Amino acid sequence: MLDQDFHAKWCDFGLAVLKLHTTTTTKQEGGGAVGTLRWMAPELFSRKTSSPSTAADIWALGMVYFELASGKVPFEQARDNEQIKDFIREATGEDVPEDCERQAPAFGALMQRCWAERTARPSAADIVEAMTQINRSFLNTPVSVFRTPPAVDSGYMPFSRPNP
């Protein structure tokens, strides 16, 4: 989320209103939302580790980073919800977009860290520190556009660094 001055704010992804309204919201027995399928961490499909956790939110944040870098929803190539679940169970996350690898490799690396095994994911403090470093390096480079706009209007807006 962004505030009125475009400062990023972290929120509970289980309560966030997502751009893509789908029928893939997973519910607990009492009817409460657990998460939206494409953003759910692999451990949420395991009987032993199915409770929502900070680590699961970190996985979801990695998927949001993927959306920002690619302009696509996670696992968009999946044919149906069962295939999405199969992709998630592989526990590898998504492929970091080539533009991101080339123009912001530290951001791509952070994204991949968010998709690590549950106990190896970064903490919120680690992410803040990494993003602080990424932002500093990004502001000191001549890169003006993070990714190229899609040929077809996807509903996502490309973002760029403001001109000094």
# chains A, B, ... in the order shown; residues from 1 in each chain; ligands from 1
>>> residues_around(residues="region 123-130 of chain A", least_positions_apart="4", cutoff="9 Å", atoms="only C-alpha atoms", output="ChimeraX atom specification")
/A:54-55,58,106-107,110,114,134-135
>>> select_by_dssp(residues="region 40-132 of chain A", states="helix (DSSP H, G or I)", output="PyMOL selection string")
chain A and resi 42-45+54-70+81-89+98-103+105-114+118-120+124-132
>>> atom_distance(atom1="CA of Gln83 (chain A)", atom2="CA of Arg38 (chain A)")
10.6 Å
>>> residues_around(residues="Glu94 (chain A)", least_positions_apart="5", cutoff="12 Å", atoms="only C-alpha atoms", output="ChimeraX atom specification")
/A:38-39,41,59-60,62-67,69-70,72-78,84,87-89,108,111-116
>>> select_by_dssp(residues="region 29-97 of chain A", states="strand (DSSP E)", output="PyMOL selection string")
chain A and resi 33-36
>>> write_last_selection(atoms="C-alpha atoms", output="CSV table (one decimal), in the first residue's frame")
chain,number,residue,atom,x,y,z
A,33,ALA,CA,-10.1,-16.0,4.9
A,34,VAL,CA,-6.7,-17.5,5.0
A,35,GLY,CA,-5.3,-16.1,1.8
A,36,THR,CA,-5.6,-15.9,-2.0
